[in-house]
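> Contents of protein-v9.txt (compact mmCIF, C-alpha atoms and all ligand atoms) are given next:
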# COMPACT_ATOMS: atom_id res chain seq x y z
CA MET T 592 3.79 -7.55 -37.71
CA ILE T 593 2.63 -9.14 -34.43
CA GLN T 594 0.65 -6.67 -32.37
CA GLY T 595 1.13 -6.41 -28.66
CA LYS T 596 -1.49 -5.15 -26.30
CA VAL T 597 -1.53 -2.87 -23.29
CA TYR T 598 -3.75 -3.55 -20.30
CA PHE T 599 -4.23 -0.71 -17.84
CA VAL T 600 -4.98 -2.52 -14.60
CA GLY T 601 -6.18 -1.11 -11.30
CA ALA T 602 -4.24 -2.80 -8.51
CA GLY T 603 -6.60 -1.63 -5.76
CA PRO T 604 -5.62 0.43 -2.73
CA GLY T 605 -3.20 -1.90 -0.95
CA ASP T 606 -4.84 -4.99 0.54
CA LEU T 607 -3.55 -7.71 -1.80
CA ASP T 608 -6.95 -9.27 -2.23
CA LEU T 609 -8.53 -6.06 -3.51
CA ILE T 610 -7.36 -6.48 -7.11
CA THR T 611 -10.02 -7.71 -9.54
CA VAL T 612 -9.98 -11.31 -10.80
CA LYS T 613 -9.52 -10.01 -14.34
CA GLY T 614 -6.62 -7.77 -13.30
CA LEU T 615 -4.90 -10.62 -11.49
CA ARG T 616 -5.22 -12.97 -14.49
CA LEU T 617 -3.67 -10.38 -16.77
CA LEU T 618 -0.85 -9.75 -14.33
CA GLN T 619 -0.07 -13.46 -14.32
CA LYS T 620 0.27 -13.61 -18.09
CA ALA T 621 2.05 -10.28 -18.70
CA ASP T 622 5.42 -10.12 -20.49
CA VAL T 623 6.08 -6.64 -19.15
CA VAL T 624 4.67 -4.96 -16.04
CA ILE T 625 5.10 -1.23 -15.55
CA PHE T 626 4.05 -0.38 -12.03
CA ASP T 627 3.60 2.64 -9.77
CA ARG T 628 4.78 3.23 -6.24
CA LEU T 629 1.35 2.88 -4.66
CA VAL T 630 0.88 -0.63 -5.97
CA ASN T 631 1.38 -3.20 -3.21
CA PRO T 632 4.79 -4.61 -4.27
CA PHE T 633 3.87 -8.13 -3.21
CA LEU T 634 1.31 -8.29 -6.03
CA LEU T 635 4.31 -8.61 -8.35
CA MET T 636 4.98 -12.08 -6.95
CA GLU T 637 2.00 -13.05 -9.13
CA THR T 638 3.94 -12.23 -12.30
CA SER T 639 5.93 -14.78 -14.21
CA PRO T 640 9.58 -14.85 -13.05
CA GLU T 641 10.52 -14.14 -16.68
CA ALA T 642 8.39 -11.00 -16.92
CA LYS T 643 10.20 -7.69 -17.22
CA LEU T 644 9.27 -5.42 -14.34
CA VAL T 645 9.64 -1.67 -14.66
CA TYR T 646 9.25 0.52 -11.60
CA CYS T 647 8.08 4.03 -12.33
CA GLY T 648 7.04 4.89 -8.82
CA LYS T 649 6.92 8.48 -7.91
CA GLN T 650 7.72 9.45 -4.40
CA PRO T 651 6.78 12.99 -3.50
CA CYS T 652 9.48 15.18 -5.09
CA LYS T 653 11.43 12.18 -6.42
CA HIS T 654 10.48 11.19 -9.94
CA THR T 655 11.91 7.82 -10.94
CA LEU T 656 10.57 7.67 -14.51
CA ARG T 657 9.07 10.75 -16.08
CA GLN T 658 5.64 10.55 -17.67
CA GLU T 659 7.12 10.75 -21.20
CA ASP T 660 9.49 7.88 -20.41
CA ILE T 661 6.65 5.76 -19.06
CA GLN T 662 4.74 6.37 -22.26
CA LYS T 663 7.77 5.47 -24.38
CA GLU T 664 8.24 2.31 -22.39
CA LEU T 665 4.60 1.28 -23.02
CA LEU T 666 4.94 1.80 -26.76
CA ILE T 667 8.30 0.08 -27.18
CA HIS T 668 7.12 -3.18 -25.63
CA ALA T 669 3.68 -3.21 -27.22
CA LYS T 670 5.24 -2.61 -30.65
CA LYS T 671 7.46 -5.64 -30.11
CA GLY T 672 4.29 -7.72 -29.83
CA LEU T 673 4.40 -8.15 -26.06
CA THR T 674 1.59 -8.15 -23.52
CA VAL T 675 2.10 -5.13 -21.30
CA VAL T 676 0.33 -4.55 -18.01
CA ARG T 677 0.39 -0.97 -16.79
CA LEU T 678 -0.37 -1.52 -13.12
CA LYS T 679 -1.68 1.49 -11.26
CA GLY T 680 -2.65 1.98 -7.63
CA GLY T 681 -6.39 2.05 -6.87
CA ASP T 682 -8.46 2.73 -9.96
CA PRO T 683 -6.57 3.88 -13.06
CA SER T 684 -9.34 6.34 -13.89
CA VAL T 685 -9.12 8.19 -10.58
CA PHE T 686 -6.14 10.56 -10.67
CA GLY T 687 -4.25 7.82 -12.51
CA ARG T 688 -3.45 9.52 -15.84
CA VAL T 689 -4.96 6.58 -17.70
CA GLY T 690 -6.58 9.00 -20.14
CA GLU T 691 -3.25 10.30 -21.41
CA GLU T 692 -1.62 6.90 -21.63
CA ALA T 693 -4.56 5.21 -23.37
CA GLU T 694 -4.82 8.12 -25.80
CA LEU T 695 -1.23 7.59 -26.75
CA CYS T 696 -1.89 3.89 -27.44
CA ALA T 697 -4.85 4.89 -29.62
CA GLN T 698 -2.67 7.35 -31.56
CA HIS T 699 -0.13 4.62 -32.23
CA LEU T 700 -2.84 2.10 -33.14
CA ILE T 701 -1.91 -0.14 -30.23
CA LYS T 702 -4.69 -2.23 -28.80
CA TYR T 703 -5.53 -1.68 -25.16
CA GLU T 704 -8.04 -2.47 -22.44
CA ILE T 705 -8.73 -0.70 -19.18
CA ILE T 706 -9.52 -2.78 -16.10
CA PRO T 707 -10.96 -0.69 -13.28
CA GLY T 708 -9.78 -1.07 -9.71
CA ILE T 709 -11.04 -0.26 -6.25
CA THR T 710 -10.20 3.33 -5.53
CA SER T 711 -8.59 4.34 -2.25
CA GLY T 712 -11.16 7.07 -1.57
CA SER T 713 -14.00 4.68 -0.86
CA ALA T 714 -11.86 1.68 0.19
CA ALA T 715 -9.65 3.43 2.76
CA SER T 716 -12.79 5.13 4.12
CA MET T 717 -14.61 1.83 4.48
CA TYR T 718 -11.62 0.10 6.08
CA ALA T 719 -11.67 2.98 8.57
CA GLY T 720 -15.34 2.31 9.27
CA VAL T 721 -16.89 5.04 7.11
CA PRO T 722 -19.17 4.46 4.11
CA VAL T 723 -19.01 7.51 1.82
CA THR T 724 -22.80 7.59 1.47
CA HIS T 725 -25.49 6.78 4.01
CA ARG T 726 -29.25 7.07 3.73
CA LYS T 727 -29.51 9.49 6.65
CA LEU T 728 -26.17 11.29 6.53
CA SER T 729 -24.95 11.67 2.96
CA GLY T 730 -26.61 11.46 -0.44
CA SER T 731 -23.60 12.49 -2.49
CA PHE T 732 -19.83 12.42 -2.53
CA ALA T 733 -17.13 14.12 -4.53
CA THR T 734 -13.53 13.10 -5.13
CA VAL T 735 -11.18 16.05 -5.38
CA THR T 736 -7.46 16.38 -5.92
CA GLY T 737 -5.54 18.48 -3.46
CA HIS T 738 -2.57 18.43 -5.79
CA THR T 739 -3.42 20.56 -8.82
CA CYS T 740 -2.48 24.05 -7.79
CA THR T 741 -3.16 27.61 -8.88
CA LYS T 742 -0.35 30.16 -9.31
CA ASP T 743 -0.37 30.97 -5.58
CA GLY T 744 0.37 27.31 -4.84
CA LYS T 745 -3.10 26.51 -3.45
CA PRO T 746 -5.35 23.67 -4.66
CA ALA T 747 -7.31 24.70 -7.75
CA VAL T 748 -10.78 24.02 -6.40
CA ASN T 749 -14.05 25.90 -6.73
CA TRP T 750 -14.44 26.09 -2.96
CA SER T 751 -17.81 27.79 -2.71
CA SER T 752 -19.48 25.21 -4.97
CA LEU T 753 -17.71 22.29 -3.38
CA ALA T 754 -18.51 23.33 0.18
CA LYS T 755 -22.22 23.59 -0.58
CA ALA T 756 -22.97 21.08 -3.33
CA VAL T 757 -22.01 17.71 -1.85
CA ASP T 758 -22.35 15.97 1.50
CA THR T 759 -19.13 13.93 1.63
CA ILE T 760 -15.84 15.13 0.13
CA VAL T 761 -12.81 12.90 -0.37
CA PHE T 762 -9.52 14.64 -1.11
CA TYR T 763 -6.66 12.69 -2.68
CA MET T 764 -3.06 13.91 -2.52
CA GLY T 765 -4.14 16.64 -0.16
CA MET T 766 -2.01 16.30 2.98
CA LYS T 767 0.36 19.11 2.08
CA HIS T 768 -2.59 21.45 1.74
CA LEU T 769 -4.62 20.30 4.73
CA PRO T 770 -4.57 23.78 6.34
CA THR T 771 -5.87 25.38 3.13
CA ILE T 772 -8.49 22.66 2.66
CA SER T 773 -9.95 23.03 6.15
CA ASN T 774 -9.78 26.86 6.11
CA GLU T 775 -11.43 27.17 2.72
CA LEU T 776 -14.24 24.79 3.60
CA ILE T 777 -14.97 26.75 6.80
CA HIS T 778 -14.66 30.03 4.95
CA HIS T 779 -17.18 28.85 2.34
CA GLY T 780 -19.85 27.76 4.74
CA ARG T 781 -19.04 24.38 6.27
CA SER T 782 -19.32 24.38 10.06
CA LYS T 783 -15.95 24.26 11.82
CA ASP T 784 -17.34 21.27 13.74
CA THR T 785 -17.73 19.21 10.56
CA PRO T 786 -16.13 15.80 11.20
CA ILE T 787 -13.03 14.96 9.19
CA LEU T 788 -10.96 11.80 8.99
CA LEU T 789 -7.48 11.18 7.61
CA VAL T 790 -6.61 7.64 6.54
CA GLN T 791 -2.99 6.87 5.75
CA TRP T 792 -1.94 3.66 3.96
CA GLY T 793 -5.60 2.64 3.92
CA THR T 794 -6.42 -1.10 3.68
CA TYR T 795 -2.87 -2.11 4.65
CA SER T 796 -2.54 -3.57 8.12
CA LYS T 797 -0.47 -0.50 9.00
CA GLN T 798 -3.41 1.80 8.17
CA ARG T 799 -3.51 4.83 10.46
CA THR T 800 -6.41 7.14 11.06
CA VAL T 801 -6.79 10.52 12.68
CA GLU T 802 -10.21 11.92 13.40
CA GLY T 803 -11.09 15.52 14.17
CA THR T 804 -13.12 18.48 13.00
CA LEU T 805 -12.33 21.10 10.39
CA ALA T 806 -11.13 23.28 13.27
CA THR T 807 -8.89 20.72 15.00
CA ILE T 808 -7.55 18.46 12.26
CA VAL T 809 -4.42 20.36 11.29
CA ALA T 810 -2.92 20.20 14.78
CA LYS T 811 -3.88 16.53 15.16
CA ALA T 812 -2.40 15.58 11.80
CA GLU T 813 0.84 17.29 12.69
CA LEU T 814 1.03 15.51 15.99
CA ALA T 815 0.43 12.13 14.37
CA GLN T 816 2.68 13.00 11.40
CA ILE T 817 0.23 11.80 8.81
CA GLN T 818 1.57 12.15 5.29
CA ASN T 819 0.65 10.91 1.85
CA PRO T 820 -0.54 8.41 0.84
CA ALA T 821 -3.56 9.48 2.78
CA ILE T 822 -7.09 10.49 1.97
CA ILE T 823 -8.94 13.31 3.65
CA LEU T 824 -12.58 12.52 4.22
CA VAL T 825 -14.96 15.33 5.16
CA GLY T 826 -18.59 14.99 6.21
CA GLU T 827 -21.11 13.75 8.75
CA VAL T 828 -20.52 10.12 7.67
CA VAL T 829 -17.22 10.22 9.60
CA LYS T 830 -19.29 9.88 12.79
CA LEU T 831 -20.15 6.31 11.75
CA ARG T 832 -16.58 5.24 12.48
CA ALA T 833 -17.45 5.09 16.17
CA LYS T 834 -19.82 2.18 15.37
CA LEU T 835 -18.33 0.63 12.24
CA ASN T 836 -14.62 0.50 12.90
CA TRP T 837 -14.04 -3.15 12.01
CA PHE T 838 -10.52 -3.17 10.64
CA ASP T 839 -7.88 -1.84 12.99
CA GLN T 840 -9.13 -3.54 16.15
CA ARG T 841 -7.86 -7.01 15.34
CA PRO T 842 -5.14 -8.72 17.41
CA LEU T 843 -2.43 -8.37 14.75
CA SER T 844 -3.48 -5.01 13.31
CA GLY T 845 -0.42 -2.98 12.38
CA ARG T 846 1.75 -6.02 11.60
CA GLY T 847 3.43 -6.45 8.23
CA MET T 848 4.92 -9.94 8.48
CA LEU T 849 7.60 -11.37 6.29
CA ILE T 850 7.79 -15.16 6.40
CA PRO T 851 10.80 -16.21 4.37
CA THR T 852 10.54 -19.96 4.11
CA ALA T 853 10.42 -22.77 1.59
CA THR T 854 7.73 -24.54 3.63
CA ASP T 855 4.15 -24.03 2.56
CA PHE T 856 2.18 -22.47 5.40
CA CYS T 857 -0.97 -21.59 3.45
CA GLU T 858 -3.37 -22.29 6.29
CA GLU T 859 -1.34 -20.38 8.87
CA VAL T 860 -0.88 -17.46 6.49
CA SER T 861 -4.62 -17.09 6.03
CA GLN T 862 -5.12 -17.33 9.80
CA LEU T 863 -2.54 -14.60 10.41
CA LYS T 864 -4.35 -12.42 7.88
CA GLU T 865 -7.62 -13.15 9.61
CA GLN T 866 -6.01 -11.84 12.82
CA GLY T 867 -5.26 -8.57 11.05
CA ALA T 868 -1.68 -8.93 9.78
CA ASP T 869 -0.42 -8.33 6.25
CA VAL T 870 1.57 -11.45 5.41
CA TYR T 871 4.35 -11.69 2.87
CA ALA T 872 5.23 -15.38 2.65
CA TYR T 873 8.40 -15.45 0.66
CA PRO T 874 9.45 -18.70 -0.94
CA PHE T 875 13.19 -18.78 -0.30
CA LEU T 876 14.83 -21.95 -1.51
CA SER T 877 18.42 -22.72 -0.73
CA GLN T 878 19.19 -23.65 -4.34
CA ALA T 879 17.57 -20.45 -5.63
CA ILE T 880 19.49 -18.12 -3.40
CA GLN T 881 21.14 -16.43 -6.34
CA MET T 882 19.11 -13.35 -6.93
CA ASN T 883 15.99 -13.56 -8.96
CA HIS T 884 15.29 -10.02 -10.17
CA ARG T 885 11.59 -10.12 -9.40
CA ASP T 886 11.96 -11.40 -5.84
CA GLN T 887 14.70 -8.92 -5.11
CA LEU T 888 12.69 -6.00 -6.45
CA VAL T 889 9.66 -7.01 -4.41
CA LEU T 890 11.65 -7.39 -1.20
CA THR T 891 13.45 -4.09 -1.71
CA ARG T 892 10.18 -2.25 -2.33
CA LEU T 893 8.56 -3.87 0.71
CA PHE T 894 11.38 -2.64 2.94
CA GLU T 895 11.68 0.79 1.32
CA ASP T 896 8.05 1.59 1.96
CA GLU T 897 8.22 0.07 5.45
CA HIS T 898 5.58 -2.55 4.76
CA ILE T 899 7.47 -5.03 6.95
CA ASN T 900 7.87 -4.68 10.71
CA THR T 901 7.86 -8.35 11.76
CA ILE T 902 9.94 -11.23 10.42
CA CYS T 903 9.20 -14.88 11.23
CA LEU T 904 12.26 -17.13 10.94
CA LEU T 905 10.92 -20.57 11.61
CA THR T 906 14.05 -22.67 11.34
CA TYR T 907 17.76 -22.07 11.70
CA GLN T 908 18.07 -22.76 7.96
CA ASP T 909 15.53 -20.00 7.23
CA TYR T 910 17.59 -17.66 9.42
CA LEU T 911 20.82 -18.42 7.53
CA GLU T 912 19.20 -18.12 4.13
CA PHE T 913 17.36 -14.95 5.01
CA PHE T 914 20.48 -13.07 6.05
CA GLU T 915 22.40 -14.41 3.08
CA TYR T 916 19.62 -13.17 0.85
CA ILE T 917 19.56 -9.75 2.49
CA ASP T 918 23.31 -9.54 2.08
CA LEU T 919 23.16 -10.39 -1.62
CA SER T 920 20.23 -8.10 -2.32
CA GLY T 921 22.01 -5.04 -1.03
CA ILE T 922 19.04 -4.15 1.20
CA ASN T 923 20.20 -1.79 3.90
CA MET T 924 20.49 -3.70 7.19
CA ASP T 925 19.22 -0.57 8.97
CA SER T 926 15.74 -1.32 7.65
CA LEU T 927 15.80 -4.50 9.76
CA GLN T 928 16.70 -2.72 12.99
CA THR T 929 13.15 -1.64 13.76
CA CYS T 930 11.70 -5.10 12.98
CA THR T 931 10.54 -7.62 15.53
CA PHE T 932 11.74 -11.18 14.90
CA ILE T 933 9.73 -14.29 15.70
CA CYS T 934 11.74 -17.48 15.83
CA CYS T 935 11.03 -21.07 16.73
CA ASP T 936 14.46 -22.24 17.86
CA HIS T 937 16.86 -21.16 20.54
CA THR T 938 19.99 -20.87 18.38
CA THR T 939 18.31 -18.41 16.02
CA ARG T 940 17.11 -16.38 18.93
CA VAL T 941 20.55 -16.22 20.49
CA HIS T 942 22.12 -15.06 17.22
CA LEU T 943 19.47 -12.42 16.67
CA SER T 944 19.58 -11.14 20.24
CA GLU T 945 23.38 -10.92 20.12
CA ALA T 946 23.04 -8.82 16.98
CA GLY T 947 20.75 -6.49 18.93
CA PHE T 948 17.42 -7.47 17.37
CA ASN T 949 14.12 -7.51 19.18
CA THR T 950 13.06 -11.18 19.33
CA TYR T 951 10.23 -13.42 20.49
CA GLN T 952 10.41 -17.18 20.59
CA VAL T 953 7.47 -19.48 19.94
CA SER T 954 7.61 -23.25 19.99
CA ALA T 955 6.16 -23.78 16.49
CA MET T 956 4.52 -22.01 13.57
CA ASN T 957 1.28 -21.70 15.44
CA VAL T 958 -0.85 -18.65 14.86
CA GLU T 959 -2.29 -18.59 18.36
CA ARG T 960 1.19 -18.64 19.91
CA ILE T 961 2.52 -15.99 17.57
CA THR T 962 -0.45 -13.74 18.34
CA GLU T 963 0.03 -14.34 22.06
CA ALA T 964 3.77 -13.68 21.87
CA LEU T 965 3.20 -10.40 20.05
CA LEU T 966 0.44 -9.22 22.36
CA PRO T 967 2.60 -7.13 24.73
CA ALA T 968 4.32 -5.52 21.73
CA GLN T 969 0.92 -4.89 20.11
CA ILE T 970 0.05 -2.53 22.94
CA GLN T 971 3.16 -0.49 22.16
CA ILE T 972 2.53 -0.30 18.42
CA ALA T 973 -1.16 0.34 18.91
CA GLU T 974 -0.80 4.09 19.30
CA PRO T 975 1.73 4.97 16.64
CA LEU T 976 0.38 2.50 14.13
CA ARG T 977 -3.33 2.33 14.67
CA GLY T 978 -3.57 5.59 16.55
CA SER T 979 -6.90 7.24 16.21
CA LEU T 980 -6.39 10.52 18.05
N1 LIG D 1 -5.62 5.93 -8.67
C1 LIG D 1 -5.49 6.01 -7.24
C2 LIG D 1 -5.17 7.42 -6.77
C3 LIG D 1 -3.81 7.91 -7.24
S1 LIG D 1 -3.43 9.49 -6.64
C4 LIG D 1 -6.78 5.49 -6.59
O1 LIG D 1 -7.77 5.26 -7.29
O2 LIG D 1 -6.77 5.29 -5.39
C5 LIG D 1 -2.49 9.11 -5.18
C6 LIG D 1 -3.27 9.45 -3.94
O3 LIG D 1 -4.26 8.46 -3.70
C7 LIG D 1 -2.45 9.49 -2.65
O4 LIG D 1 -1.76 10.70 -2.47
C8 LIG D 1 -3.55 9.33 -1.63
O5 LIG D 1 -4.25 10.52 -1.44
C9 LIG D 1 -4.47 8.33 -2.32
N2 LIG D 1 -4.14 6.95 -1.93
C10 LIG D 1 -3.69 5.96 -2.73
N3 LIG D 1 -3.57 4.80 -2.04
C11 LIG D 1 -3.95 5.08 -0.78
C12 LIG D 1 -4.08 4.31 0.41
N4 LIG D 1 -3.77 3.01 0.45
N5 LIG D 1 -4.53 4.94 1.53
C13 LIG D 1 -4.85 6.24 1.52
N6 LIG D 1 -4.76 7.02 0.43
C14 LIG D 1 -4.33 6.44 -0.71
As structure tokens - that is how I would like this structure written.
Ligand code: SAH

Amino acid sequence: MIQGKVYFVGAGPGDLDLITVKGLRLLQKADVVIFDRLVNPFLLMETSPEAKLVYCGKQPCKHTLRQEDIQKELLIHAKKGLTVVRLKGGDPSVFGRVGEEAELCAQHLIKYEIIPGITSGSAASMYAGVPVTHRKLSGSFATVTGHTCTKDGKPAVNWSSLAKAVDTIVFYMGMKHLPTISNELIHHGRSKDTPILLVQWGTYSKQRTVEGTLATIVAKAELAQIQNPAIILVGEVVKLRAKLNWFDQRPLSGRGMLIPTATDFCEEVSQLKEQGADVYAYPFLSQAIQMNHRDQLVLTRLFEDEHINTICLLTYQDYLEFFEYIDLSGINMDSLQTCTFICCDHTTRVHLSEAGFNTYQVSAMNVERITEALLPAQIQIAEPLRGSL
């Protein structure tokens, strides 16, 4: 019997380029990809159009595929002799249940490999300007889940040891329990002035941060409405953000740009990224307008998780094809209402404005002009999107 193989691959925290070279190569050759919600959906554009894609994303309180079903799915395909990539957000070994899934493969004598990824705890921290260790400020760090709870519904953590034993603490999945986390740390000996930083959607252009102290953070988080996915970073290292905040100060920070076009704009795309935007260049072709499952899935996921807030329609043809595509895909038009449109021709602009969309016109696909055009709007999105309170 032909044996398949399962590869557990860390997709990294969000920024598309933070997947490993090995992980990317495996993704490109996979027959089946089973992926989680916190994987950047656009990574799936790297898969073969023939690959079977299975979404098992869990949104808080909404389980799409249960753990047992995910495990069944892995086994079924591997036993058919297929190459399966189990794509997990961040690093599969950090709160990623890779242990259980790999154990199951071992039990069923299915070959597997585990490819580590960059975990959000250190990556989101660093994109927010905070290294988790520092020669003068922190000689140790701990990663802790805020999710596993005791009977009284509070995180199952040995607070007195944790508060005293390490310098920097990174909590994953902890937003719901932020009040407990800050109270317990104060109660067990951390100063109430200890700096704390929340980083939501870290390493995406739409990354948001809120900085405070153990005493003030709960009120600030509520005001900014920070929710998961976010990490909670506690320790003196947070002070370094004032000097090392390199990521969310760029001209297009906060922009998730969809460029649906058949034209290859490789150079411009990398320039837009350099300016701070996340760019999803989507190869729409008029002859391929009938739905390709992969492209549709990716686009739907991008809109559902609000990764897109700007859409560049460079020609009238792109405009027509884009709306036809949206229509066919069943994506809710409401998700477009909050988007800003960039267009290069007058007719497109008129149509979009008449339909009530927020539009900017530039004379060509020129990164400088797009950045300039978006500048006034950047000031408005700066607070809600980048907002460091
Ligand atoms: N294996 C993942 C963690 C999975 S647990 C990793 O190594 O990163 C899910 C939790 O990870 C989220 O609730 C959040 O706390 C954190 N997380 C994942 N991606 C994140 C991101 N881009 N920004 C901030 N936190 C993130």
> Write as a PyMOL selection string the residues around ligand LIG 1 (chain D), taking 7 Å as the cut-off and counting all atoms listed in the file.
chain T and resi 603-605+629+679-687+709-712+715+762-765+790-795+819-822
> Just checking: using only C-alpha atoms, which residue out of T:Lys834, T:Arg726, T:Arg688, T:Lys613 ends up closest to Glu659 (chain T)?
T:Arg688
> With all atoms listed in the file as the counted atoms, please give the residues lying no more than 9 Å from Lys671 (chain T), apart from itself and same-chain residues fewer than 3 positions off, as a list of chain:residue names.
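The filter keeps T:Met592, T:Ile593, T:Gln594, T:Gly595, T:Leu666, T:Ile667, T:His668.
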> What separation in Å, quoted to one decimal, exists between CA of Arg677 (chain T) and CA of Ile625 (chain T)?
4.9 Å
> With all atoms listed in the file as the basis for distance, which of T:Gln928, T:Ser731, T:Asn923, T:Thr901 is at the shortest distance from Ala968 (chain T)?
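Looking at the shortest contact to Ala968 (chain T), the residue is T:Thr901.
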> Find the nearest atom pair between each residue of region 893-923 of chain T and region 939-948 of chain T for residues within 10 Å, count only C-alpha atoms, give distances in Å to one decimal, sort rows by chain and ascending number, and present the table as a Markdown table.

| residue | atom | partner | partner_atom | distance |
| --- | --- | --- | --- | --- |
| T:Leu904 | CA | T:Thr939 | CA | 8.0 |
| T:Leu905 | CA | T:Thr939 | CA | 8.9 |
| T:Thr906 | CA | T:Thr939 | CA | 7.6 |
| T:Tyr907 | CA | T:Thr939 | CA | 5.7 |
| T:Gln908 | CA | T:Thr939 | CA | 9.2 |
| T:Asp909 | CA | T:Thr939 | CA | 9.4 |
| T:Tyr910 | CA | T:Thr939 | CA | 6.7 |
| T:Leu911 | CA | T:Thr939 | CA | 8.9 |
> Using C-alpha atoms, can you write the selected residues to a file as an mmCIF file, in the frame of the given file?

data_model
loop_
_atom_site.group_PDB
_atom_site.id
_atom_site.type_symbol
_atom_site.label_atom_id
_atom_site.label_comp_id
_atom_site.auth_asym_id
_atom_site.auth_seq_id
_atom_site.Cartn_x
_atom_site.Cartn_y
_atom_site.Cartn_z
ATOM 1 C CA LEU T 904 12.260 -17.130 10.940
ATOM 2 C CA LEU T 905 10.920 -20.570 11.610
ATOM 3 C CA THR T 906 14.050 -22.670 11.340
ATOM 4 C CA TYR T 907 17.760 -22.070 11.700
ATOM 5 C CA GLN T 908 18.070 -22.760 7.960
ATOM 6 C CA ASP T 909 15.530 -20.000 7.230
ATOM 7 C CA TYR T 910 17.590 -17.660 9.420
ATOM 8 C CA LEU T 911 20.820 -18.420 7.530
#
> Using all atoms listed in the file, which of the listed residues (T:Asp839, T:Lys742, T:Val829, T:Asp784) sits closest to Val761 (chain T)?
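Between T:Asp839, T:Lys742, T:Val829, T:Asp784, the residue approaching Val761 (chain T) most closely is T:Val829.
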> List the residues sitting within 7 Å of (-24.0, 7.5, 5.6) in the file's frame, using all atoms listed in the file, as a VMD selection string.
chain T and resid 722 to 729 828
> Taking 4 positions as the minimum chain separation for residues in the same chain, which residues sit within 9 Å of Leu753 (chain T) when counting only C-alpha atoms? Answer as a PyMOL selection string.
chain T and resi 733+748-749+757+760+776+779
> Just the number, please: distance in Å from CA of Ser639 (chain T) to CA of Val860 (chain T), one decimal.
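A separation of 22.0 Å between them.
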> Identify, on the basis of only C-alpha atoms, every residue whose closest approach to Cys903 (chain T) does not exceed 6 Å; exclude the query and any residue fewer than 3 positions from it along the same chain; express the result as a PDB file with C-alpha atoms, in the coordinates of the input.

ATOM      1  CA  ILE T 850       7.790 -15.160   6.400  1.00  0.00           C
ATOM      2  CA  PHE T 932      11.740 -11.180  14.900  1.00  0.00           C
ATOM      3  CA  ILE T 933       9.730 -14.290  15.700  1.00  0.00           C
ATOM      4  CA  CYS T 934      11.740 -17.480  15.830  1.00  0.00           C
TER       5      CYS T 934
END
